[in-house]
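Student: Compact mmCIF, C-alpha atoms and all ligand atoms, saved as coords28.txt, coming up:
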# COMPACT_ATOMS: atom_id res chain seq x y z
CA MET A 1 76.76 53.94 -3.89
CA ARG A 2 79.41 54.55 -1.29
CA VAL A 3 82.07 51.88 -0.79
CA LEU A 4 84.72 51.33 1.89
CA VAL A 5 87.63 49.16 0.70
CA ILE A 6 89.92 47.67 3.34
CA GLY A 7 93.59 47.13 2.47
CA ARG A 8 96.69 48.91 1.18
CA GLY A 9 98.08 47.00 -1.82
CA GLY A 10 98.02 46.87 -5.60
CA ARG A 11 95.04 44.55 -5.37
CA GLU A 12 93.00 47.17 -3.51
CA HIS A 13 94.11 49.90 -5.94
CA ALA A 14 92.89 47.74 -8.85
CA ILE A 15 89.59 46.95 -7.09
CA ILE A 16 88.98 50.68 -6.51
CA TRP A 17 89.93 51.59 -10.09
CA SER A 18 87.47 48.98 -11.32
CA LEU A 19 84.67 50.00 -8.93
CA LEU A 20 84.97 53.63 -10.03
CA LYS A 21 84.28 52.72 -13.66
CA SER A 22 80.64 52.28 -12.66
CA SER A 23 78.38 55.31 -12.72
CA ASN A 24 76.62 53.77 -9.70
CA VAL A 25 79.69 54.27 -7.54
CA GLU A 26 79.67 57.78 -6.20
CA LYS A 27 82.44 57.66 -3.58
CA VAL A 28 85.13 55.22 -2.43
CA TYR A 29 87.05 55.31 0.84
CA CYS A 30 90.04 53.10 1.54
CA ALA A 31 91.44 52.11 4.93
CA PRO A 32 94.32 52.63 5.12
CA GLY A 33 95.15 52.87 1.36
CA ASN A 34 98.46 54.03 -0.15
CA ALA A 35 99.77 56.98 -2.19
CA GLY A 36 98.22 55.81 -5.47
CA ILE A 37 94.88 54.88 -3.95
CA GLY A 38 94.70 58.36 -2.44
CA GLN A 39 94.50 59.81 -5.96
CA LEU A 40 91.25 57.92 -6.67
CA ALA A 41 89.67 57.39 -3.29
CA GLU A 42 89.77 59.03 0.11
CA ASN A 43 92.29 57.31 2.37
CA VAL A 44 91.08 56.72 5.91
CA PRO A 45 93.73 56.42 8.64
CA LEU A 46 92.43 53.13 10.10
CA ASN A 47 94.17 49.78 9.80
CA GLU A 48 92.71 46.45 8.72
CA HIS A 49 92.21 45.24 12.30
CA GLN A 50 90.35 48.19 13.81
CA PHE A 51 86.99 46.48 13.35
CA GLN A 52 85.06 48.70 15.73
CA GLU A 53 86.38 51.94 14.22
CA LEU A 54 85.86 50.63 10.67
CA ALA A 55 82.25 49.70 11.49
CA GLU A 56 81.63 53.12 13.05
CA PHE A 57 83.13 54.79 9.98
CA ALA A 58 80.87 52.72 7.72
CA VAL A 59 77.76 53.72 9.66
CA ASP A 60 78.75 57.41 9.96
CA HIS A 61 79.51 57.67 6.23
CA ALA A 62 76.45 55.73 5.03
CA ILE A 63 78.61 53.07 3.37
CA ASP A 64 76.59 50.73 1.14
CA LEU A 65 79.29 48.06 0.88
CA VAL A 66 82.52 47.20 2.71
CA VAL A 67 84.99 45.28 0.51
CA VAL A 68 87.75 43.37 2.30
CA GLY A 69 90.99 42.96 0.31
CA PRO A 70 93.54 41.01 2.38
CA GLU A 71 93.23 37.68 4.16
CA ASP A 72 94.29 38.69 7.68
CA PRO A 73 91.11 40.57 8.65
CA LEU A 74 89.05 37.78 7.04
CA PHE A 75 90.77 35.19 9.24
CA ALA A 76 90.11 37.44 12.22
CA GLY A 77 86.38 37.53 11.46
CA ILE A 78 85.82 41.00 10.01
CA VAL A 79 82.89 39.78 7.90
CA ASP A 80 81.14 38.20 10.89
CA TYR A 81 81.74 41.46 12.80
CA MET A 82 80.24 43.70 10.10
CA GLU A 83 77.31 41.34 9.49
CA ALA A 84 76.45 41.39 13.20
CA LYS A 85 76.10 45.17 12.80
CA GLN A 86 74.00 44.84 9.62
CA ILE A 87 76.75 46.42 7.49
CA PRO A 88 76.82 44.89 3.97
CA VAL A 89 80.25 43.34 3.43
CA PHE A 90 81.94 41.50 0.56
CA GLY A 91 84.11 38.58 1.69
CA PRO A 92 83.86 35.18 3.39
CA ARG A 93 83.07 34.65 7.05
CA LYS A 94 85.78 33.39 9.36
CA ASN A 95 84.70 29.75 9.12
CA ALA A 96 84.91 29.89 5.29
CA ALA A 97 88.21 31.84 5.29
CA GLU A 98 89.69 28.73 6.93
CA ILE A 99 90.11 27.42 3.37
CA GLU A 100 93.19 29.67 3.19
CA GLY A 101 93.99 29.80 6.90
CA SER A 102 94.66 26.11 7.43
CA LYS A 103 96.34 23.83 4.91
CA VAL A 104 95.37 20.75 6.96
CA PHE A 105 91.69 21.80 6.85
CA THR A 106 91.83 22.29 3.08
CA LYS A 107 93.74 19.09 2.28
CA ASP A 108 91.30 17.08 4.40
CA LEU A 109 88.33 18.78 2.71
CA LEU A 110 89.71 18.03 -0.78
CA HIS A 111 90.39 14.43 0.23
CA LYS A 112 86.93 13.94 1.73
CA TYR A 113 85.20 15.20 -1.43
CA ALA A 114 87.65 13.53 -3.86
CA ILE A 115 88.75 16.85 -5.40
CA PRO A 116 92.07 16.61 -7.32
CA THR A 117 95.13 17.62 -5.28
CA ALA A 118 98.64 16.27 -4.53
CA ALA A 119 98.77 13.09 -2.40
CA TYR A 120 99.66 14.00 1.19
CA GLU A 121 99.93 13.06 4.84
CA THR A 122 99.58 15.37 7.86
CA PHE A 123 101.68 15.09 11.01
CA GLU A 124 101.74 16.50 14.52
CA SER A 125 104.85 14.54 15.47
CA TYR A 126 108.26 15.54 14.13
CA ASP A 127 109.59 11.96 14.38
CA GLU A 128 106.70 10.55 12.38
CA ALA A 129 106.99 13.30 9.77
CA LEU A 130 110.73 12.67 9.46
CA ALA A 131 110.26 8.91 9.06
CA TYR A 132 107.63 9.48 6.36
CA VAL A 133 109.80 11.97 4.46
CA ARG A 134 112.76 9.54 4.55
CA LYS A 135 110.54 6.76 3.25
CA GLN A 136 109.11 8.92 0.40
CA GLY A 137 112.39 10.55 -0.64
CA ALA A 138 112.88 13.78 -2.64
CA PRO A 139 111.59 15.76 -4.40
CA ILE A 140 108.90 16.37 -1.81
CA VAL A 141 106.94 19.36 -0.49
CA ILE A 142 106.75 20.41 3.17
CA LYS A 143 104.11 22.90 4.37
CA ALA A 144 103.43 24.42 7.77
CA ASP A 145 99.70 24.15 8.52
CA GLY A 146 99.00 27.77 9.40
CA LEU A 147 100.07 31.21 8.32
CA ALA A 148 103.77 31.71 7.90
CA ALA A 149 103.98 34.98 5.96
CA GLY A 150 104.37 33.06 2.70
CA LYS A 151 107.48 31.26 3.99
CA GLY A 152 105.88 28.07 5.29
CA VAL A 153 106.21 26.07 2.06
CA THR A 154 109.42 24.31 1.00
CA VAL A 155 109.62 22.53 -2.33
CA ALA A 156 112.55 20.28 -1.40
CA ALA A 157 114.74 18.97 -4.23
CA THR A 158 116.81 16.90 -1.80
CA LEU A 159 116.17 14.94 1.38
CA GLU A 160 118.48 17.31 3.28
CA GLU A 161 116.31 20.31 2.34
CA ALA A 162 113.16 18.44 3.35
CA GLU A 163 114.62 17.48 6.74
CA GLU A 164 115.80 21.05 7.30
CA ALA A 165 112.30 22.36 6.52
CA LEU A 166 110.72 19.95 9.02
CA ARG A 167 113.24 21.01 11.66
CA VAL A 168 112.59 24.72 11.09
CA ILE A 169 108.81 24.26 11.31
CA MET A 170 108.43 21.58 14.01
CA VAL A 171 111.53 21.78 16.21
CA ASP A 172 112.73 25.40 15.95
CA LYS A 173 109.08 26.55 15.76
CA GLN A 174 110.11 29.40 13.48
CA PHE A 175 106.46 30.02 12.55
CA GLY A 176 105.11 29.46 16.07
CA ASP A 177 101.80 27.61 16.34
CA ALA A 178 101.44 27.63 12.54
CA GLY A 179 103.93 24.74 12.69
CA ASN A 180 102.04 22.55 15.16
CA GLN A 181 101.07 20.42 12.18
CA VAL A 182 102.74 19.91 8.82
CA VAL A 183 101.47 18.70 5.49
CA VAL A 184 103.94 16.53 3.55
CA GLU A 185 102.93 16.48 -0.06
CA GLU A 186 103.71 14.81 -3.36
CA PHE A 187 105.77 17.04 -5.72
CA LEU A 188 103.65 18.05 -8.71
CA THR A 189 105.08 19.03 -12.08
CA GLY A 190 103.56 21.42 -14.59
CA GLN A 191 102.77 25.11 -14.96
CA GLU A 192 100.80 26.94 -12.31
CA LEU A 193 97.52 28.70 -13.07
CA SER A 194 95.41 31.06 -10.97
CA ILE A 195 91.65 30.89 -11.34
CA LEU A 196 89.72 33.37 -9.24
CA ALA A 197 85.98 33.00 -8.99
CA PHE A 198 83.10 34.95 -7.52
CA VAL A 199 81.32 32.48 -5.27
CA ASP A 200 77.99 32.75 -3.49
CA GLY A 201 77.28 29.41 -1.82
CA GLU A 202 77.11 26.85 -4.61
CA THR A 203 77.10 29.42 -7.43
CA VAL A 204 80.52 29.86 -9.06
CA ARG A 205 81.31 32.54 -11.66
CA PRO A 206 84.95 32.13 -12.72
CA MET A 207 87.01 35.15 -13.67
CA ALA A 208 89.46 35.21 -16.57
CA ALA A 209 92.44 32.95 -15.76
CA ALA A 210 95.84 34.43 -14.90
CA GLN A 211 99.38 33.30 -14.29
CA ASP A 212 101.65 34.67 -11.58
CA HIS A 213 105.47 34.75 -11.46
CA LYS A 214 106.44 33.99 -7.88
CA PRO A 215 110.26 33.74 -7.96
CA ALA A 216 112.14 37.03 -7.66
CA TYR A 217 114.35 36.73 -10.77
CA ASP A 218 114.02 36.08 -14.49
CA GLY A 219 113.62 32.48 -15.59
CA ASP A 220 111.81 31.62 -12.33
CA ARG A 221 115.03 31.73 -10.34
CA GLY A 222 115.62 32.98 -6.81
CA PRO A 223 113.48 33.12 -3.70
CA ASN A 224 109.67 33.12 -3.82
CA THR A 225 107.89 36.47 -3.47
CA GLY A 226 104.27 37.55 -3.16
CA GLY A 227 104.25 37.70 -6.98
CA MET A 228 106.47 39.65 -9.43
CA GLY A 229 103.97 39.94 -12.26
CA THR A 230 100.97 38.40 -13.96
CA TYR A 231 99.24 38.10 -17.26
CA SER A 232 95.78 37.15 -18.50
CA PRO A 233 94.53 35.21 -20.41
CA VAL A 234 96.85 32.19 -20.26
CA PRO A 235 96.76 30.98 -23.87
CA GLN A 236 98.88 27.86 -23.34
CA PHE A 237 95.82 26.32 -21.65
CA SER A 238 92.70 25.72 -23.71
CA GLN A 239 89.33 27.02 -22.55
CA GLU A 240 88.32 23.35 -22.28
CA LEU A 241 91.07 22.65 -19.76
CA ILE A 242 90.21 25.78 -17.79
CA ASP A 243 86.53 24.74 -17.77
CA GLU A 244 87.62 21.31 -16.56
CA ALA A 245 89.46 22.92 -13.63
CA VAL A 246 86.36 24.91 -12.70
CA ARG A 247 84.13 21.84 -13.01
CA THR A 248 86.39 19.39 -11.16
CA ILE A 249 87.93 21.70 -8.55
CA ILE A 250 86.23 25.04 -7.89
CA GLU A 251 82.57 24.02 -8.21
CA PRO A 252 82.88 20.89 -6.04
CA THR A 253 84.86 22.86 -3.46
CA ALA A 254 82.13 25.53 -3.23
CA LYS A 255 79.57 22.74 -2.83
CA ALA A 256 81.71 20.98 -0.22
CA MET A 257 81.96 24.21 1.82
CA VAL A 258 78.15 24.49 1.82
CA GLN A 259 77.85 20.86 2.94
CA GLU A 260 80.37 21.49 5.71
CA GLY A 261 78.24 24.36 7.00
CA ARG A 262 80.81 26.93 5.85
CA PRO A 263 79.20 28.49 2.77
CA PHE A 264 81.74 30.60 0.92
CA ARG A 265 80.76 34.08 -0.23
CA GLY A 266 83.30 36.34 -1.91
CA VAL A 267 86.28 35.54 -4.11
CA LEU A 268 87.61 32.00 -4.02
CA PHE A 269 91.06 31.81 -5.61
CA ALA A 270 92.31 28.41 -6.74
CA GLY A 271 96.06 28.03 -7.14
CA LEU A 272 96.37 25.13 -9.56
CA MET A 273 99.10 22.96 -11.01
CA MET A 274 98.32 21.96 -14.60
CA THR A 275 99.86 18.49 -14.44
CA PRO A 276 100.06 15.90 -17.23
CA GLN A 277 97.20 14.16 -15.37
CA GLY A 278 95.04 17.29 -15.45
CA PRO A 279 94.50 20.27 -13.11
CA LYS A 280 95.30 19.70 -9.42
CA THR A 281 94.80 21.99 -6.46
CA ILE A 282 97.89 23.48 -4.83
CA GLU A 283 96.04 25.83 -2.51
CA PHE A 284 92.97 27.99 -2.08
CA ASN A 285 92.92 31.64 -1.09
CA CYS A 286 89.83 33.33 0.33
CA ARG A 287 90.30 36.68 -1.47
CA PHE A 288 91.43 38.37 -4.67
CA GLY A 289 95.04 37.56 -5.64
CA ASP A 290 97.79 40.14 -5.80
CA PRO A 291 98.94 40.77 -8.56
CA GLU A 292 96.36 38.56 -10.34
CA THR A 293 93.61 41.10 -9.66
CA GLN A 294 95.42 43.82 -11.60
CA VAL A 295 95.29 41.92 -14.91
CA VAL A 296 91.96 40.20 -14.34
CA LEU A 297 90.04 43.38 -13.50
CA ALA A 298 91.76 45.16 -16.41
CA ARG A 299 89.78 42.75 -18.62
CA LEU A 300 86.45 42.93 -16.76
CA GLU A 301 83.67 44.55 -18.80
CA THR A 302 80.79 44.12 -16.34
CA ASP A 303 80.45 46.58 -13.44
CA LEU A 304 82.35 45.15 -10.47
CA ILE A 305 79.98 46.77 -8.00
CA ASP A 306 77.03 44.90 -9.56
CA ILE A 307 78.84 41.56 -9.26
CA MET A 308 79.80 42.26 -5.66
CA MET A 309 76.29 43.31 -4.67
CA ALA A 310 74.83 40.23 -6.38
CA THR A 311 77.30 38.04 -4.45
CA VAL A 312 76.45 39.66 -1.12
CA ASN A 313 72.71 39.44 -1.78
CA GLY A 314 72.73 35.80 -2.96
CA ARG A 315 71.91 36.72 -6.58
CA LEU A 316 75.17 35.77 -8.27
CA ALA A 317 73.37 33.09 -10.32
CA ASP A 318 71.55 35.91 -12.18
CA MET A 319 74.79 37.65 -13.21
CA ASP A 320 76.25 37.42 -16.68
CA ILE A 321 79.89 38.50 -16.47
CA GLN A 322 81.78 39.69 -19.58
CA TRP A 323 85.55 39.75 -20.18
CA SER A 324 87.38 41.56 -22.98
CA ASP A 325 89.36 39.57 -25.56
CA SER A 326 92.43 41.70 -24.89
CA ALA A 327 95.71 40.61 -23.31
CA ALA A 328 96.77 42.17 -20.00
CA VAL A 329 100.23 42.19 -18.41
CA CYS A 330 101.25 43.49 -14.96
CA VAL A 331 104.95 44.02 -14.21
CA VAL A 332 105.71 44.48 -10.52
CA LEU A 333 108.43 46.95 -9.51
CA SER A 334 109.96 46.06 -6.16
CA ALA A 335 112.48 47.49 -3.75
CA GLY A 336 116.06 46.26 -4.20
CA GLY A 337 116.64 43.31 -1.86
CA TYR A 338 112.98 42.18 -1.72
CA PRO A 339 111.92 39.53 -0.60
CA GLY A 340 114.85 39.97 1.82
CA PRO A 341 115.51 43.20 3.75
CA TYR A 342 115.00 46.46 1.83
CA LYS A 343 115.03 50.23 2.42
CA LYS A 344 112.04 52.54 2.59
CA GLY A 345 111.60 56.24 1.93
CA ASP A 346 113.32 56.61 -1.48
CA VAL A 347 111.59 59.05 -3.83
CA ILE A 348 109.92 57.50 -6.91
CA THR A 349 109.97 59.72 -10.00
CA GLY A 350 108.61 59.41 -13.51
CA LEU A 351 105.09 58.36 -12.51
CA ASP A 352 103.68 61.36 -14.40
CA GLU A 353 105.58 60.29 -17.55
CA VAL A 354 103.72 56.97 -17.78
CA GLN A 355 101.82 56.88 -21.07
CA GLU A 356 100.11 53.62 -21.85
CA SER A 357 99.75 51.72 -18.59
CA ILE A 358 97.80 51.95 -15.40
CA VAL A 359 100.18 52.02 -12.45
CA PHE A 360 98.64 50.32 -9.43
CA HIS A 361 100.44 51.27 -6.25
CA ALA A 362 101.34 48.75 -3.55
CA GLY A 363 103.98 49.76 -0.98
CA THR A 364 104.04 53.52 -1.58
CA ALA A 365 103.44 56.51 0.67
CA LEU A 366 103.69 60.29 0.46
CA ASN A 367 106.56 61.99 2.31
CA ALA A 368 106.37 65.37 4.05
CA ASN A 369 107.00 67.13 0.70
CA GLY A 370 104.12 65.30 -0.96
CA GLU A 371 106.47 63.11 -3.02
CA VAL A 372 105.68 59.42 -3.65
CA VAL A 373 108.23 57.29 -1.79
CA THR A 374 108.99 53.59 -1.42
CA ASN A 375 107.24 52.08 1.59
CA GLY A 376 107.30 48.31 1.11
CA GLY A 377 108.72 45.37 -0.83
CA ARG A 378 106.41 45.32 -3.82
CA LEU A 379 105.92 48.94 -4.86
CA LEU A 380 104.06 49.32 -8.16
CA GLY A 381 102.23 47.09 -10.65
CA VAL A 382 102.62 48.57 -14.14
CA THR A 383 99.61 47.15 -15.97
CA ALA A 384 98.94 47.39 -19.69
CA VAL A 385 96.29 46.03 -22.01
CA GLY A 386 96.73 45.31 -25.71
CA ALA A 387 95.18 43.44 -28.60
CA THR A 388 98.07 40.96 -28.31
CA PHE A 389 100.60 40.01 -25.63
CA GLN A 390 103.36 41.59 -27.73
CA GLU A 391 101.51 44.89 -27.57
CA ALA A 392 100.61 44.67 -23.87
CA ARG A 393 104.20 43.77 -22.90
CA ALA A 394 105.70 46.52 -25.07
CA LYS A 395 103.46 49.12 -23.42
CA ALA A 396 104.08 47.90 -19.88
CA TYR A 397 107.86 47.68 -20.24
CA ALA A 398 108.08 51.09 -21.96
CA ASP A 399 106.37 52.58 -18.92
CA VAL A 400 108.49 50.54 -16.49
CA ASP A 401 111.51 52.31 -18.05
CA ARG A 402 109.96 55.71 -17.31
CA ILE A 403 109.77 55.06 -13.55
CA ARG A 404 112.89 55.66 -11.45
CA TYR A 405 113.99 55.07 -7.86
CA GLU A 406 117.06 53.72 -6.11
CA GLY A 407 117.44 49.94 -6.21
CA LYS A 408 114.70 49.45 -8.82
CA HIS A 409 114.02 45.76 -9.46
CA TYR A 410 111.63 43.93 -11.76
CA ARG A 411 111.52 40.80 -13.91
CA THR A 412 111.99 41.30 -17.64
CA ASP A 413 110.15 38.11 -18.63
CA ILE A 414 106.60 38.70 -17.38
CA GLY A 415 104.19 37.20 -19.89
CA ALA A 416 106.96 35.60 -21.97
CA LYS A 417 105.39 32.16 -21.51
CA ALA A 418 102.31 33.39 -23.37
CA LEU A 419 104.23 34.32 -26.53
P1 LIG B 501 101.44 27.47 -1.52
O1 LIG B 501 101.75 28.48 -0.45
O2 LIG B 501 100.79 26.24 -1.02
O3 LIG B 501 100.78 28.09 -2.70
O4 LIG B 501 102.87 27.03 -2.12
C1 LIG B 501 103.79 27.99 -2.58
C2 LIG B 501 104.38 27.52 -3.89
O5 LIG B 501 105.05 26.27 -3.71
C3 LIG B 501 103.35 27.25 -4.97
O6 LIG B 501 103.00 28.39 -5.66
C4 LIG B 501 104.09 26.27 -5.84
O7 LIG B 501 105.00 26.95 -6.69
C5 LIG B 501 104.89 25.47 -4.86
N1 LIG B 501 104.19 24.22 -4.49
C6 LIG B 501 103.30 24.05 -3.51
N2 LIG B 501 102.85 22.78 -3.46
C7 LIG B 501 103.50 22.12 -4.45
C8 LIG B 501 103.50 20.75 -4.90
N3 LIG B 501 102.74 19.80 -4.32
N4 LIG B 501 104.30 20.43 -5.94
C9 LIG B 501 105.10 21.36 -6.53
N5 LIG B 501 105.15 22.65 -6.15
C10 LIG B 501 104.37 23.03 -5.11
N1 LIG B 502 99.67 36.18 -6.11
C1 LIG B 502 99.40 35.17 -5.15
C2 LIG B 502 98.53 35.59 -4.04
O1 LIG B 502 97.86 36.60 -4.07
O2 LIG B 502 98.49 34.87 -3.04
For the structure just supplied, provide its representation as structure tokens.
Tutor:
Amino acid sequence: MRVLVIGRGGREHAIIWSLLKSSNVEKVYCAPGNAGIGQLAENVPLNEHQFQELAEFAVDHAIDLVVVGPEDPLFAGIVDYMEAKQIPVFGPRKNAAEIEGSKVFTKDLLHKYAIPTAAYETFESYDEALAYVRKQGAPIVIKADGLAAGKGVTVAATLEEAEEALRVIMVDKQFGDAGNQVVVEEFLTGQELSILAFVDGETVRPMAAAQDHKPAYDGDRGPNTGGMGTYSPVPQFSQELIDEAVRTIIEPTAKAMVQEGRPFRGVLFAGLMMTPQGPKTIEFNCRFGDPETQVVLARLETDLIDIMMATVNGRLADMDIQWSDSAAVCVVLSAGGYPGPYKKGDVITGLDEVQESIVFHAGTALNANGEVVTNGGRLLGVTAVGATFQEARAKAYADVDRIRYEGKHYRTDIGAKAL
């Protein structure tokens, strides 16, 4: 089979690496890809929003499946576009991608179907939101409704921070129309857990659970990032508790989406808080997580292409998906300064000295001399698998040490919670 993957991050590199393990996958293209992806697949110089050109490419190159990595083209309706042209495509339609695109939509859906989540109110008026926040007091969580490049959520420890967040979203309109509504939410305590699942209508096939590390610095300090590292499995939570999360959150949500006339097909990613009262939903994403995908697919034993085709063809219920018992750890290397401003174009060396890990590329490119250079905030996801977490971490960090570039940054405590 011939596959076209859309995206340019570590997630897409991991998806392609996994797809190519199958003898049924003969050729993979990636639009636009990155320096690492180009070593496995053929990069195509089209971006995620060139729907017409991507569809023409798929037809001209006899593509059997288009796989959409990031959320933006899903929100913009790339799946609807490809389906209208009879091009097989893995991912949710626009009306199902709303589960990530609008926090108000998702909170109202969870409320309507009594699916566990933090208590909340939504507001269109700044004055009403402010009055409610003052009545509730801190800690409290403020979220812009729409997309705010990952910056729309404030977990406010004090009333001042909460009021500032409301002002930024609703008065200053820093996120534009994404701030026309806000969700004000109860502060939940506990550890976070990511459960990704293949979903085809009401059929849910959960993947191995993973845990992300969102803050930039060790000990979960500093500003939030897209994710500085992950590990899987997450042994501090029993399989029973993980099954409970699937049964009480992911399965009823898939069912609710069908009942709402928005059947979900693709990867549904539940961001959960494991509270003393049980698992509660923080958010849903309509796609594979990054860097969750790197560790989850490192443990997948079934052919990814078979699962994807079964999902697209409505046969997911027939699939039996196997995961290895191993431990996987992904340590993200980022540019100095990320998630604030950072430089691009610095040469990365030592990639050919890596011994025991798979290095998934994110923000990398090739310069005019054919050298791999920094080209983004998150650069590389050094991913290792071992019989134990001790082994996986030792391998990943040994390889992290072999990679060099100016301003190198990473967390030294990825996976420490699993020990
Ligand atoms: P979100 O974009 O909704 O995933 O929120 C970003 C981050 O804010 C989450 O990963 C959590 O760490 C934190 N967060 C969101 N909602 C809550 C909540 N109700 N209680 C505590 N932390 C939260
Ligand atoms: N790692 C979190 C995300 O992909 O949104």
Student: Nearest to Ile195 in chain A among A:Leu351, A:Val153, A:Ile282, A:Leu54, with distances taken over all atoms listed in the file: which residue is it?
Tutor: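 When distances to Ile195 in chain A are compared using all atoms listed in the file, the smallest one comes from A:Ile282.
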Student: Using all atoms listed in the file, what are the residues with an atom within 10 Å of ligand LIG 502 (chain B), set out as JSON, numbers by chain?
Tutor: {"A": [11, 70, 71, 100, 150, 194, 210, 211, 212, 213, 214, 225, 226, 227, 228, 229, 230, 269, 270, 271, 283, 284, 285, 286, 287, 288, 289, 290, 291, 292, 293]}
Student: Counting all atoms listed in the file, name the residues that have an atom within 9 Å of an atom of ligand LIG 501 (chain B); the answer should be given as a PyMOL selection string.
Tutor: chain A and resi 103+117-120+139-143+150-155+184-192+212-215+224+271-273+281-285
Student: I'd like to know which of A:Ala317, A:Ala97, A:Val312, A:Val59 is closest to Gly77 in chain A, using all atoms listed in the file.
Tutor: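 With all atoms listed in the file as the atom set, the closest residue is A:Ala97.
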Student: Edge lengths and centre, in Å to one decimal, as AutoDock Vina command-line options: that's what I need for the box along x, y and z that holds all listed atoms of range 16-26 of chain A plus 4 Å on each side.
Tutor:
--center_x 83.3 --center_y 53.4 --center_z -9.9 --size_x 21.3 --size_y 16.8 --size_z 15.5
Student: Find the residues around Pro206 in chain A up to 12 Å (only C-alpha atoms counted), leave out those fewer than 3 positions away in its own chain, and share them as a count of residues only.
Tutor: 36
Student: Can you pull out the residues contacting Gly381 in chain A? Cut-off 10 Å, using all atoms listed in the file, and skip same-chain residues under 3 positions away; I want them as a ChimeraX atom specification.
Tutor: /A:9-11,13-14,228-230,290-291,294-295,329-334,357-362,378,384,396,400,410
Student: Taking the point (81.2, 28.5, 4.9) as given in the file, collect each protein or nucleic acid residue that comes within 7 Å of it, counting only C-alpha atoms, and present the set as a list in words.
Tutor: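 Output of the proximity query reads Arg93, Asn95, Ala96, Met257, Val258, Gly261, Arg262, Pro263 and Phe264 of chain A.
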Student: Between CA of Met1 in chain A and CA of Asp64 in chain A, what is the distance, to one decimal in Å?
Tutor: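 We find that CA of Met1 in chain A and CA of Asp64 in chain A lie 6.0 Å from each other.
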Student: Env of Asp325 in chain A: 9 Å cut, atoms = only C-alpha atoms, seq-sep filter 3 positions within chain, self excluded. Answer as a ChimeraX atom specification.
Tutor: /A:233,299,387
Student: To one decimal place in Å, what is the distance between CA of Leu130 in chain A and CA of Met274 in chain A?
Tutor: 28.6 Å
Student: Have a look at CA of Asp145 in chain A and CA of Gly91 in chain A and let me know their distance in Å, one decimal.
Tutor: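 Straight-line distance from CA of Asp145 in chain A to CA of Gly91 in chain A works out to 22.3 Å.
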Student: Restricting the calculation to only C-alpha atoms: of A:Pro339, A:Gly7, A:Gly176, A:Gly314, which residue gets closest to Tyr217 in chain A?
Tutor: A:Pro339
Student: At a cut-off of 9 Å, using only C-alpha atoms, what residues contact Tyr397 in chain A? Leave out same-chain residues fewer than 3 positions from it and give the result as a ChimeraX atom specification.
Tutor: /A:331,382,384,392-394,400-402,412
Student: Tell me which of A:Gly101, A:Asp303, A:Arg315, A:Ala58 sits closest to Ser22 in chain A, counting all atoms listed in the file.
Tutor: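 Ranking A:Gly101, A:Asp303, A:Arg315, A:Ala58 by distance to Ser22 in chain A, first place goes to A:Asp303.
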Student: Could you name the residues that touch Val5 in chain A at 9 Å or less, counting only C-alpha atoms, but leaving out those on the same chain fewer than 3 positions away, as a ChimeraX atom specification?
Tutor: /A:12,15-16,28-33,65-69
